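Novice: Please find coords-v8.tsv (TSV, C-alpha atoms) on the next line:
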chain	number	residue	atom	x	y	z
A	1	MET	CA	86.35	61.07	116.90
A	2	SER	CA	85.92	57.50	115.64
A	3	ARG	CA	88.14	56.18	112.84
A	4	ASP	CA	86.82	52.62	112.73
A	5	HIS	CA	84.99	53.03	109.39
A	6	ARG	CA	86.34	52.55	105.86
A	7	THR	CA	84.58	53.23	102.59
A	8	ASP	CA	85.31	53.73	98.91
A	9	ALA	CA	84.24	57.36	99.32
A	10	LEU	CA	87.35	58.13	101.37
A	11	VAL	CA	89.84	60.45	99.71
A	12	THR	CA	93.40	59.08	99.76
A	13	LEU	CA	96.77	60.75	99.91
A	14	GLU	CA	97.30	59.64	96.31
A	15	ASP	CA	94.11	61.43	95.27
A	16	VAL	CA	95.46	64.67	96.73
A	17	GLU	CA	98.86	64.13	95.14
A	18	ASP	CA	97.16	63.72	91.75
A	19	ALA	CA	95.13	66.86	92.39
A	20	ARG	CA	98.24	68.81	93.23
A	21	GLU	CA	99.85	67.86	89.94
A	22	ARG	CA	96.65	68.69	88.06
A	23	ILE	CA	96.24	72.19	89.51
A	24	ASP	CA	99.91	73.06	89.92
A	25	ASP	CA	100.01	75.63	87.11
A	26	VAL	CA	96.68	77.18	88.11
A	27	VAL	CA	96.76	77.95	91.84
A	28	HIS	CA	99.10	80.08	93.91
A	29	ARG	CA	101.27	78.58	96.63
A	30	THR	CA	99.94	80.95	99.25
A	31	PRO	CA	102.22	82.35	101.98
A	32	LEU	CA	102.54	81.09	105.56
A	33	ASP	CA	102.85	84.14	107.80
A	34	THR	CA	104.00	83.51	111.37
A	35	SER	CA	102.68	85.89	114.03
A	36	ARG	CA	104.35	86.51	117.38
A	37	THR	CA	101.36	88.58	118.48
A	38	PHE	CA	98.84	85.80	117.92
A	39	ALA	CA	101.17	83.27	119.55
A	40	GLU	CA	101.29	85.44	122.69
A	41	LEU	CA	97.53	85.99	122.71
A	42	SER	CA	96.77	82.28	122.30
A	43	GLY	CA	99.52	80.85	124.49
A	44	ALA	CA	100.94	78.88	121.55
A	45	ALA	CA	104.65	78.48	120.88
A	46	SER	CA	104.00	79.86	117.40
A	47	VAL	CA	101.08	80.61	115.10
A	48	GLY	CA	101.30	80.34	111.33
A	49	LEU	CA	98.62	81.94	109.18
A	50	LYS	CA	98.05	80.05	105.91
A	51	LEU	CA	96.81	82.97	103.81
A	52	GLU	CA	94.36	81.48	101.32
A	53	ASN	CA	92.64	84.88	101.29
A	54	VAL	CA	95.32	85.91	98.76
A	55	GLN	CA	94.67	82.85	96.57
A	56	ARG	CA	93.25	83.39	93.07
A	57	THR	CA	89.59	84.46	93.42
A	58	GLY	CA	90.29	85.39	97.05
A	59	SER	CA	89.80	81.93	98.58
A	60	PHE	CA	90.90	78.30	98.52
A	61	LYS	CA	87.92	77.23	96.40
A	62	ILE	CA	89.71	77.37	93.03
A	63	ARG	CA	91.76	74.34	94.13
A	64	GLY	CA	88.83	71.95	94.33
A	65	ALA	CA	86.78	73.48	91.53
A	66	TYR	CA	89.58	73.24	88.98
A	67	ASN	CA	90.50	69.71	90.05
A	68	ARG	CA	86.89	68.59	89.55
A	69	MET	CA	86.23	70.37	86.28
A	70	ALA	CA	89.54	69.42	84.68
A	71	GLN	CA	88.40	65.79	84.85
A	72	LEU	CA	85.12	66.34	82.95
A	73	SER	CA	84.66	64.54	79.64
A	74	GLU	CA	84.43	66.49	76.40
A	75	ALA	CA	80.68	65.81	76.29
A	76	GLU	CA	80.21	67.16	79.81
A	77	ARG	CA	82.28	70.24	79.01
A	78	GLU	CA	80.14	70.92	75.96
A	79	VAL	CA	76.90	70.99	77.98
A	80	GLY	CA	78.42	73.11	80.77
A	81	VAL	CA	78.31	73.04	84.55
A	82	ILE	CA	76.05	74.43	87.26
A	83	SER	CA	76.80	74.92	90.94
A	84	SER	CA	75.45	76.48	94.09
A	85	SER	CA	77.48	78.61	96.44
A	86	ALA	CA	77.45	81.28	99.13
A	87	GLY	CA	80.11	83.07	97.09
A	88	ASN	CA	83.65	81.70	97.15
A	89	HIS	CA	82.97	78.38	95.43
A	90	ALA	CA	81.07	80.39	92.82
A	91	GLN	CA	84.20	82.31	91.91
A	92	GLY	CA	86.31	79.16	91.91
A	93	VAL	CA	83.94	77.42	89.49
A	94	ALA	CA	83.64	80.53	87.34
A	95	LEU	CA	87.41	80.94	87.01
A	96	ALA	CA	87.89	77.23	86.36
A	97	GLY	CA	85.25	77.46	83.64
A	98	GLN	CA	87.02	80.42	82.09
A	99	LEU	CA	90.38	78.63	82.11
A	100	LEU	CA	88.92	75.37	80.77
A	101	ASP	CA	86.49	77.03	78.32
A	102	ILE	CA	83.39	75.60	80.04
A	103	ASP	CA	80.13	77.56	80.40
A	104	THR	CA	79.18	77.97	84.06
A	105	THR	CA	75.99	78.88	85.93
A	106	ILE	CA	76.08	79.64	89.65
A	107	VAL	CA	73.05	79.71	91.99
A	108	VAL	CA	73.63	81.85	95.08
A	109	PRO	CA	71.45	82.61	98.14
A	110	GLU	CA	70.13	86.08	98.84
A	111	VAL	CA	72.64	86.60	101.68
A	112	THR	CA	75.62	86.43	99.31
A	113	PRO	CA	77.65	89.68	99.43
A	114	ALA	CA	77.41	91.82	96.31
A	115	ALA	CA	81.21	91.79	95.94
A	116	LYS	CA	81.18	88.01	95.51
A	117	ILE	CA	78.34	88.11	92.98
A	118	GLU	CA	80.03	90.78	90.86
A	119	ALA	CA	83.37	88.97	91.02
A	120	THR	CA	81.69	85.75	89.86
A	121	ARG	CA	80.09	87.50	86.91
A	122	GLY	CA	83.46	89.05	86.16
A	123	TYR	CA	84.84	85.56	85.49
A	124	GLY	CA	82.13	85.03	82.89
A	125	ALA	CA	79.59	82.97	84.83
A	126	GLU	CA	75.83	83.38	84.76
A	127	VAL	CA	74.65	84.12	88.32
A	128	VAL	CA	71.15	83.19	89.52
A	129	VAL	CA	70.03	84.48	92.95
A	130	GLU	CA	67.62	81.95	94.45
A	131	GLY	CA	66.77	81.08	98.06
A	132	ASP	CA	67.08	82.75	101.45
A	133	ILE	CA	69.78	80.34	102.65
A	134	TYR	CA	72.28	78.09	100.89
A	135	GLU	CA	70.17	74.93	101.16
A	136	ARG	CA	67.44	76.50	99.00
A	137	SER	CA	70.00	77.51	96.37
A	138	TYR	CA	71.45	74.01	96.41
A	139	GLU	CA	68.04	72.39	95.83
A	140	TYR	CA	67.28	74.75	92.94
A	141	ALA	CA	70.63	74.05	91.26
A	142	LEU	CA	70.09	70.28	91.49
A	143	GLU	CA	66.63	70.61	89.94
A	144	ARG	CA	68.00	72.69	87.07
A	145	ALA	CA	70.84	70.23	86.47
A	146	GLU	CA	68.26	67.46	86.08
A	147	GLU	CA	66.39	69.53	83.48
A	148	THR	CA	69.36	70.80	81.43
A	149	GLY	CA	71.90	67.97	81.68
A	150	GLU	CA	74.54	70.35	83.07
A	151	THR	CA	77.07	68.75	85.41
A	152	PHE	CA	76.51	69.80	89.00
A	153	VAL	CA	79.80	70.78	90.66
A	154	HIS	CA	79.23	70.41	94.38
A	155	PRO	CA	80.93	72.98	96.64
A	156	PHE	CA	82.18	70.33	99.06
A	157	ASP	CA	80.56	66.87	98.88
A	158	ASP	CA	82.73	65.43	96.12
A	159	GLU	CA	85.97	63.44	96.28
A	160	ALA	CA	87.64	65.56	93.58
A	161	ILE	CA	86.68	68.77	95.37
A	162	ILE	CA	88.01	67.43	98.68
A	163	ALA	CA	91.25	66.29	97.03
A	164	GLY	CA	91.78	69.72	95.49
A	165	GLN	CA	91.27	71.50	98.82
A	166	GLY	CA	93.61	69.00	100.44
A	167	THR	CA	96.57	70.35	98.49
A	168	ILE	CA	96.76	73.04	101.18
A	169	GLY	CA	97.89	70.27	103.53
A	170	PHE	CA	101.04	69.59	101.51
A	171	GLU	CA	101.91	73.28	101.53
A	172	LEU	CA	101.37	73.52	105.28
A	173	LEU	CA	103.78	70.68	105.92
A	174	GLU	CA	106.41	72.18	103.60
A	175	GLN	CA	106.11	75.69	105.00
A	176	TYR	CA	105.60	74.86	108.68
A	177	SER	CA	107.47	71.69	109.58
A	178	GLU	CA	106.94	72.21	113.34
A	179	LEU	CA	103.14	71.94	112.96
A	180	ASP	CA	101.35	70.37	115.95
A	181	THR	CA	97.76	71.52	115.45
A	182	VAL	CA	95.83	72.98	112.52
A	183	LEU	CA	92.60	74.96	112.84
A	184	VAL	CA	90.23	74.86	109.86
A	185	ALA	CA	86.79	76.38	109.39
A	186	ILE	CA	83.96	73.95	108.64
A	187	GLY	CA	80.97	74.79	106.51
A	188	GLY	CA	80.14	71.64	104.59
A	189	GLY	CA	83.40	69.94	105.54
A	190	GLY	CA	85.30	69.70	102.25
A	191	LEU	CA	88.27	71.83	103.27
A	192	ILE	CA	88.98	70.10	106.57
A	193	SER	CA	88.44	66.66	105.01
A	194	GLY	CA	91.07	67.35	102.37
A	195	ILE	CA	93.63	68.99	104.64
A	196	GLY	CA	93.11	66.34	107.31
A	197	THR	CA	93.64	63.55	104.79
A	198	VAL	CA	97.13	64.85	104.01
A	199	LEU	CA	98.16	65.71	107.55
A	200	LYS	CA	97.01	62.44	109.10
A	201	ALA	CA	98.67	60.40	106.36
A	202	GLN	CA	101.96	62.19	106.90
A	203	ASP	CA	101.87	62.54	110.71
A	204	SER	CA	98.97	61.08	112.66
A	205	ASP	CA	99.96	63.06	115.77
A	206	ILE	CA	99.03	66.39	114.17
A	207	ARG	CA	95.71	67.54	115.63
A	208	VAL	CA	93.08	68.57	113.09
A	209	ILE	CA	90.53	70.87	114.75
A	210	GLY	CA	87.42	72.18	113.02
A	211	VAL	CA	85.89	75.55	113.83
A	212	GLN	CA	82.27	76.59	113.33
A	213	PRO	CA	80.17	79.60	114.33
A	214	ALA	CA	77.88	78.94	117.30
A	215	GLY	CA	74.95	79.72	115.01
A	216	ALA	CA	75.90	76.96	112.54
A	217	TYR	CA	77.37	74.34	114.86
A	218	HIS	CA	76.43	71.00	113.33
A	219	ALA	CA	79.67	69.10	112.72
A	220	LYS	CA	80.55	68.05	116.27
A	221	PRO	CA	77.05	66.72	117.08
A	222	SER	CA	77.19	64.72	113.83
A	223	LEU	CA	80.64	63.27	114.45
A	224	GLU	CA	79.87	62.42	118.06
A	225	ALA	CA	76.57	60.74	117.13
A	226	ASP	CA	78.23	58.97	114.17
A	227	GLU	CA	75.41	60.15	111.94
A	228	ILE	CA	74.64	63.36	110.09
A	229	ARG	CA	72.71	65.88	112.17
A	230	GLU	CA	71.05	68.77	110.35
A	231	LEU	CA	70.18	72.20	111.72
A	232	GLU	CA	66.78	73.65	110.94
A	233	ASP	CA	68.33	77.06	110.36
A	234	VAL	CA	71.58	78.95	110.78
A	235	ASP	CA	72.31	82.34	112.32
A	236	THR	CA	75.79	83.73	111.83
A	237	VAL	CA	77.68	86.60	110.29
A	238	ALA	CA	79.99	84.04	108.64
A	239	GLU	CA	77.88	83.36	105.56
A	240	GLY	CA	80.72	81.44	103.89
A	241	ILE	CA	80.37	78.61	106.44
A	242	ALA	CA	76.65	78.94	107.16
A	243	ASP	CA	75.79	75.40	106.11
A	244	THR	CA	73.17	73.36	107.95
A	245	ARG	CA	74.95	69.98	107.79
A	246	LEU	CA	77.74	67.79	106.54
A	247	LEU	CA	76.84	65.56	103.60
A	248	GLU	CA	77.67	61.90	103.08
A	249	THR	CA	81.10	62.23	101.47
A	250	THR	CA	82.39	64.93	103.79
A	251	PHE	CA	80.93	63.18	106.82
A	252	LEU	CA	82.67	59.91	105.96
A	253	ASN	CA	85.99	61.67	105.37
A	254	ALA	CA	85.77	64.08	108.28
A	255	ARG	CA	85.17	61.38	110.87
A	256	GLU	CA	88.41	59.73	109.75
A	257	VAL	CA	90.63	62.79	110.08
A	258	VAL	CA	89.03	65.37	112.41
A	259	ASP	CA	90.07	65.24	116.07
A	260	ASP	CA	87.61	67.79	117.43
A	261	VAL	CA	85.31	70.67	116.50
A	262	VAL	CA	84.87	73.85	118.52
A	263	SER	CA	82.52	76.80	118.20
A	264	VAL	CA	83.07	80.56	118.30
A	265	SER	CA	80.68	83.49	118.62
A	266	ASP	CA	80.12	86.07	115.91
A	267	ARG	CA	81.65	88.67	118.21
A	268	GLU	CA	84.80	86.60	118.55
A	269	ILE	CA	84.91	86.29	114.77
A	270	ALA	CA	84.60	90.08	114.43
A	271	THR	CA	87.48	90.51	116.87
A	272	ALA	CA	89.63	88.15	114.81
A	273	VAL	CA	88.78	90.07	111.61
A	274	THR	CA	89.87	93.25	113.38
A	275	LEU	CA	93.15	91.84	114.67
A	276	LEU	CA	94.01	90.31	111.30
A	277	ALA	CA	93.57	93.71	109.66
A	278	GLU	CA	95.57	95.51	112.35
A	279	ARG	CA	98.33	93.04	113.21
A	280	ALA	CA	98.67	90.87	110.08
A	281	LYS	CA	97.75	93.69	107.66
A	282	THR	CA	95.39	91.41	105.76
A	283	VAL	CA	91.69	91.66	104.85
A	284	VAL	CA	89.77	88.52	105.81
A	285	GLU	CA	86.10	87.64	105.57
A	286	SER	CA	84.26	86.40	108.64
A	287	ALA	CA	84.41	82.71	107.66
A	288	GLY	CA	88.15	82.97	107.07
A	289	ALA	CA	88.71	84.52	110.49
A	290	ALA	CA	86.84	81.82	112.44
A	291	PRO	CA	89.91	79.59	113.05
A	292	LEU	CA	91.90	82.48	114.51
A	293	ALA	CA	88.87	83.40	116.64
A	294	ALA	CA	89.02	79.90	118.12
A	295	ALA	CA	92.73	80.20	118.83
A	296	LEU	CA	92.19	83.47	120.70
A	297	SER	CA	88.95	82.52	122.45
A	298	ASP	CA	88.69	81.97	126.18
A	299	GLU	CA	85.48	80.01	125.63
A	300	SER	CA	86.42	77.55	122.86
A	301	GLY	CA	88.11	75.11	125.24
A	302	LEU	CA	91.20	74.79	123.05
A	303	ASP	CA	94.50	74.21	124.81
A	304	LEU	CA	97.27	75.44	122.53
A	305	GLU	CA	99.88	76.01	125.21
A	306	GLY	CA	103.36	75.52	123.79
A	307	GLU	CA	102.10	74.19	120.44
A	308	HIS	CA	102.91	75.23	116.89
A	309	VAL	CA	99.50	76.08	115.45
A	310	GLY	CA	98.52	76.42	111.82
A	311	VAL	CA	95.52	78.67	111.17
A	312	VAL	CA	93.94	78.33	107.72
A	313	VAL	CA	92.70	81.78	106.69
A	314	SER	CA	90.39	80.49	104.01
A	315	GLY	CA	89.07	83.62	102.28
A	316	GLY	CA	89.09	87.39	101.96
A	317	ASN	CA	86.05	88.19	99.83
A	318	VAL	CA	84.18	90.77	101.88
A	319	ASN	CA	82.40	94.03	101.09
A	320	LEU	CA	84.34	97.00	102.44
A	321	THR	CA	81.29	98.28	104.33
A	322	GLU	CA	80.83	94.89	105.97
A	323	HIS	CA	84.52	94.76	106.83
A	324	ALA	CA	84.27	98.20	108.44
A	325	GLU	CA	81.28	97.08	110.51
A	326	LEU	CA	83.06	93.91	111.60
A	327	THR	CA	86.17	95.80	112.67
A	328	ARG	CA	84.10	98.31	114.62
A	329	THR	CA	82.41	95.45	116.46
A	330	GLY	CA	85.82	93.96	117.06
A	331	LEU	CA	87.11	97.19	118.52
A	332	HIS	CA	84.09	97.30	120.84
A	333	GLU	CA	84.91	93.75	121.99
A	334	LEU	CA	88.51	94.79	122.63
A	335	GLU	CA	87.20	97.81	124.61
A	336	ARG	CA	88.98	100.13	122.21
A	337	TYR	CA	85.87	101.84	120.84
A	338	ALA	CA	83.13	103.76	122.59
A	339	ASP	CA	79.87	105.27	121.40
A	340	ALA	CA	78.79	108.18	123.56
A	341	ARG	CA	75.86	110.58	123.65
A	342	LEU	CA	76.74	114.08	124.76
A	343	ALA	CA	74.64	117.06	125.77
A	344	VAL	CA	76.28	120.32	124.62
A	345	ALA	CA	75.33	123.91	125.31
A	346	GLY	CA	75.92	125.21	121.80
A	347	TRP	CA	76.35	124.18	118.19
A	348	PRO	CA	78.88	124.50	116.66
A	349	THR	CA	81.03	126.41	119.16
A	350	THR	CA	81.02	123.84	121.96
A	351	VAL	CA	81.48	121.06	119.41
A	352	GLY	CA	84.83	122.60	118.51
A	353	ASP	CA	85.90	122.16	122.12
A	354	VAL	CA	84.87	118.50	121.92
A	355	VAL	CA	87.03	117.93	118.83
A	356	GLU	CA	90.05	119.66	120.36
A	357	THR	CA	89.74	117.69	123.60
A	358	VAL	CA	89.54	114.32	121.86
A	359	GLU	CA	92.63	115.17	119.81
A	360	SER	CA	94.55	116.42	122.86
A	361	GLU	CA	93.78	113.16	124.68
A	362	GLY	CA	95.33	111.16	121.85
A	363	ALA	CA	92.13	109.42	120.72
A	364	GLU	CA	90.52	109.18	117.29
A	365	LEU	CA	87.17	110.85	116.64
A	366	ASP	CA	85.46	108.43	114.26
A	367	VAL	CA	81.92	109.87	114.39
A	368	LEU	CA	80.48	113.23	115.42
A	369	GLU	CA	76.93	114.16	114.51
A	370	ARG	CA	73.95	116.03	115.84
A	371	ALA	CA	71.45	113.48	117.12
A	372	ARG	CA	67.66	113.33	117.10
A	373	ARG	CA	66.34	114.51	120.45
A	374	GLY	CA	65.11	111.74	122.75
A	375	PRO	CA	63.64	111.34	126.23
A	376	VAL	CA	67.09	111.37	127.91
A	377	ASP	CA	67.93	114.79	126.44
A	378	GLU	CA	67.43	118.10	128.24
A	379	PRO	CA	65.42	120.71	126.27
A	380	ASN	CA	68.13	123.36	126.67
A	381	ARG	CA	70.98	121.13	125.46
A	382	ILE	CA	71.82	119.83	121.98
A	383	PRO	CA	72.25	116.03	121.73
A	384	VAL	CA	75.44	114.93	119.95
A	385	THR	CA	76.69	111.40	119.30
A	386	VAL	CA	80.39	110.61	119.03
A	387	GLY	CA	82.38	107.48	118.19
A	388	LEU	CA	85.77	107.31	119.88
A	389	GLU	CA	88.67	104.96	119.23
A	390	GLY	CA	91.41	104.59	121.82
A	391	SER	CA	94.07	102.21	123.02
A	392	GLY	CA	91.88	100.57	125.67
A	393	ARG	CA	89.25	100.97	128.35
A	394	GLU	CA	91.39	103.13	130.61
A	395	HIS	CA	92.30	105.48	127.76
A	396	LEU	CA	88.68	105.92	126.66
A	397	ASP	CA	87.53	106.48	130.23
A	398	GLY	CA	90.08	109.29	130.44
A	399	VAL	CA	88.82	110.86	127.21
A	400	LEU	CA	85.22	110.81	128.47
A	401	GLU	CA	86.27	112.34	131.80
A	402	ALA	CA	88.03	115.13	129.90
A	403	LEU	CA	84.89	115.76	127.83
A	404	SER	CA	82.72	115.86	130.96
A	405	ALA	CA	85.05	118.48	132.43
A	406	LEU	CA	84.38	120.90	129.56
A	407	ASP	CA	82.04	123.83	130.16
A	408	GLY	CA	78.71	123.17	128.52
A	409	VAL	CA	79.32	119.44	127.91
A	410	SER	CA	78.02	116.38	129.75
A	411	VAL	CA	78.14	112.67	128.90
A	412	VAL	CA	74.56	111.34	128.91
A	413	GLU	CA	75.18	107.74	127.77
A	414	CYS	CA	78.20	105.64	126.84
A	415	SER	CA	78.66	102.09	125.55
A	416	LEU	CA	81.49	101.51	128.03
A	417	GLU	CA	79.13	101.79	131.01
Re-express the file's structure as structure tokens.
Specialist:
Amino acid sequence: MSRDHRTDALVTLEDVEDARERIDDVVHRTPLDTSRTFAELSGAASVGLKLENVQRTGSFKIRGAYNRMAQLSEAEREVGVISSSAGNHAQGVALAGQLLDIDTTIVVPEVTPAAKIEATRGYGAEVVVEGDIYERSYEYALERAEETGETFVHPFDDEAIIAGQGTIGFELLEQYSELDTVLVAIGGGGLISGIGTVLKAQDSDIRVIGVQPAGAYHAKPSLEADEIRELEDVDTVAEGIADTRLLETTFLNAREVVDDVVSVSDREIATAVTLLAERAKTVVESAGAAPLAAALSDESGLDLEGEHVGVVVSGGNVNLTEHAELTRTGLHELERYADARLAVAGWPTTVGDVVETVESEGAELDVLERARRGPVDEPNRIPVTVGLEGSGREHLDGVLEALSALDGVSVVECSLE
């Protein structure tokens, strides 16, 4: 990426140092968890997970929000602030408002998870749901700020926000001195701009790689064209980074410090969410799992062989039902989960044989229910659907073979086929 441009909008190392001092008593110094498993799966020498999902409010956003709002004048604090957010910035602004005694209003899009909305209200903010995607919420918040005189606190396109997020860069260097490459999710670009500012100032050889969902992949086209490119729409499970574009400040900063941007599929993100829960024992939202998805992907084009790789796990605010769905998708991708439709001769007697067989084969029976009869079902058999979790494709194939061998049971359909 080109670094031939300079502008007053660029965030400096000194800006981030000032931000760190300003927010020092407010934010947590989140842990850096090294993972041998993820190093082996990615081919890296080591992988360090920077766990911002255990930050206050469940994401990194409190860093930038507090740094911005702590610099407001008394007159601005009296009127209050307004912001727009897909969820995590909302909680950061709300908590900062609570700590600084500033009234806050947050405009969120309809796709924002209920858990994030309730958490934002829990910090004392007024929440307004407006717009089908983030851009519509953003426009509404700007219009209201013009009418009320409230200060608009941008979720990413602001030097103070970028500087606050950049404090993660200092912690990475202190906790992971071997760092060669860092992977950071990009929505609007504030996080990677801040982290990259610190890393490039301290060691220009460290690679700063952005990660976006394939359904919201705008940053690389913009940086390569040296002008902001906007998507007409986005389509991704990672609502926290479902932005349609970079904006002027993040674009100017990102092109100075970002070496490359790669994309990942939603299925790869779901797999990363699953592995983080299983191997790292940590709950991560889809946006926060995107950088690990890139590290583990065969399609991203990243070469991490022999490198020490920092993965910024940016947030963990996810509904439990959504997390369960993501992990089930991830298990499917890992070929460790199978949905099957059985035809059984009797209910419930034959079903008991099904349960005993699954248990004896060492698999987990996640779902068992009588199904609505369809065209594939024989009139003299009862359709039953089962969800099976096993250690891999070979294990699940063995379980299905054992079920097929039972008297009065046949496998009609299976997701492994």
Novice: May I have a table of the residues of stretch 246-359 of chain A lying at most 9 Å from stretch 154-178 of chain A, giving each one's closest pair of atoms and their distance in Å to one decimal, counting all atoms listed in the file, ordered by chain and ascending residue number, as a tab-separated table?
Specialist:
residue	atom	partner	partner_atom	distance
A:Leu246	CA	A:Asp157	CA	8.2
A:Leu247	CA	A:Asp157	CA	6.2
A:Glu248	CA	A:Asp157	CA	7.1
A:Thr249	CA	A:Asp157	CA	5.3
A:Thr250	CA	A:Asp157	CA	5.6
A:Phe251	CA	A:Asp157	CA	8.8
A:Glu307	CA	A:Glu178	CA	8.8
A:His308	CA	A:Glu178	CA	6.2
A:Val309	CA	A:Glu178	CA	8.6
A:Gly310	CA	A:Leu172	CA	7.7
A:Val312	CA	A:Ile168	CA	8.9
Novice: Quick one, how far is atom CA of A:Pro109 from atom CA of A:Ser85?
Specialist: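 Between these atoms lies a distance of 7.4 Å.
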Novice: Between atom CA of A:Leu179 and atom CA of A:Asp303, what distance in Å does the model show, to one decimal?
Specialist: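 Between atom CA of A:Leu179 and atom CA of A:Asp303 the gap works out to 14.8 Å.
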Novice: Quick one: which stretch 228-283 of chain A residues come within 9 Å of stretch 35-38 of chain A, and what is the nearest atom pair for each with the distance in Å to one decimal, counting only C-alpha atoms, rows ordered by chain and ascending number, as JSON lines?
Specialist:
{"residue": "A:Leu275", "atom": "CA", "partner": "A:Phe38", "partner_atom": "CA", "distance": 8.9}
{"residue": "A:Arg279", "atom": "CA", "partner": "A:Thr37", "partner_atom": "CA", "distance": 7.5}
{"residue": "A:Ala280", "atom": "CA", "partner": "A:Ser35", "partner_atom": "CA", "distance": 7.5}
Novice: Excluding same-chain residues fewer than 2 positions from stretch 374-384 of chain A, what lies within 12 Å of it counting all atoms listed in the file, as an mmCIF file with C-alpha atoms, keeping the file's coordinate frame?
Specialist:
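Ended up saving to part20.cif:
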data_model
loop_
_atom_site.group_PDB
_atom_site.id
_atom_site.type_symbol
_atom_site.label_atom_id
_atom_site.label_comp_id
_atom_site.auth_asym_id
_atom_site.auth_seq_id
_atom_site.Cartn_x
_atom_site.Cartn_y
_atom_site.Cartn_z
ATOM 1 C CA ASP A 339 79.870 105.270 121.400
ATOM 2 C CA ALA A 340 78.790 108.180 123.560
ATOM 3 C CA ARG A 341 75.860 110.580 123.650
ATOM 4 C CA LEU A 342 76.740 114.080 124.760
ATOM 5 C CA ALA A 343 74.640 117.060 125.770
ATOM 6 C CA VAL A 344 76.280 120.320 124.620
ATOM 7 C CA ALA A 345 75.330 123.910 125.310
ATOM 8 C CA GLY A 346 75.920 125.210 121.800
ATOM 9 C CA TRP A 347 76.350 124.180 118.190
ATOM 10 C CA PRO A 348 78.880 124.500 116.660
ATOM 11 C CA THR A 349 81.030 126.410 119.160
ATOM 12 C CA THR A 350 81.020 123.840 121.960
ATOM 13 C CA VAL A 351 81.480 121.060 119.410
ATOM 14 C CA VAL A 354 84.870 118.500 121.920
ATOM 15 C CA VAL A 367 81.920 109.870 114.390
ATOM 16 C CA LEU A 368 80.480 113.230 115.420
ATOM 17 C CA GLU A 369 76.930 114.160 114.510
ATOM 18 C CA ARG A 370 73.950 116.030 115.840
ATOM 19 C CA ALA A 371 71.450 113.480 117.120
ATOM 20 C CA ARG A 372 67.660 113.330 117.100
ATOM 21 C CA VAL A 386 80.390 110.610 119.030
ATOM 22 C CA GLY A 387 82.380 107.480 118.190
ATOM 23 C CA GLY A 408 78.710 123.170 128.520
ATOM 24 C CA VAL A 409 79.320 119.440 127.910
ATOM 25 C CA SER A 410 78.020 116.380 129.750
ATOM 26 C CA VAL A 411 78.140 112.670 128.900
ATOM 27 C CA VAL A 412 74.560 111.340 128.910
ATOM 28 C CA GLU A 413 75.180 107.740 127.770
ATOM 29 C CA CYS A 414 78.200 105.640 126.840
#
Novice: Please list, as a ChimeraX atom specification, the residues that have an atom at most 12 Å away from (77.5, 89.4, 108.0) in the coordinates of this file, counting only C-alpha atoms.
Specialist: /A:111-114,213,235-242,266-267,269-270,273,285-287,317-327,329
Novice: Which one of A:Leu41, A:Ala115, A:Val108, A:Val153 sits closest to A:Glu135 if you count all atoms listed in the file?
Specialist: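 Using all atoms listed in the file, the shortest distance to A:Glu135 belongs to A:Val108.
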Novice: Using all atoms listed in the file for the distances, tell me which of A:Val184, A:Val399, A:Leu365, A:Ala290 is nearest to A:Val258.
Specialist: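 For A:Val258, the nearest of the candidates is A:Val184.
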Novice: Quick one: distance from atom CA of A:Ala19 to atom CA of A:Ile62 in Å, one decimal?
Specialist: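 If I compute the distance from atom CA of A:Ala19 to atom CA of A:Ile62, I get 11.8 Å.
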Novice: Please determine, counting all atoms listed in the file, which residue among A:Glu227, A:Asp353, A:Glu333, A:Asp243 has the shortest atom-to-atom distance to A:Thr274.
Specialist: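 For A:Thr274, the nearest of the given residues is A:Glu333.
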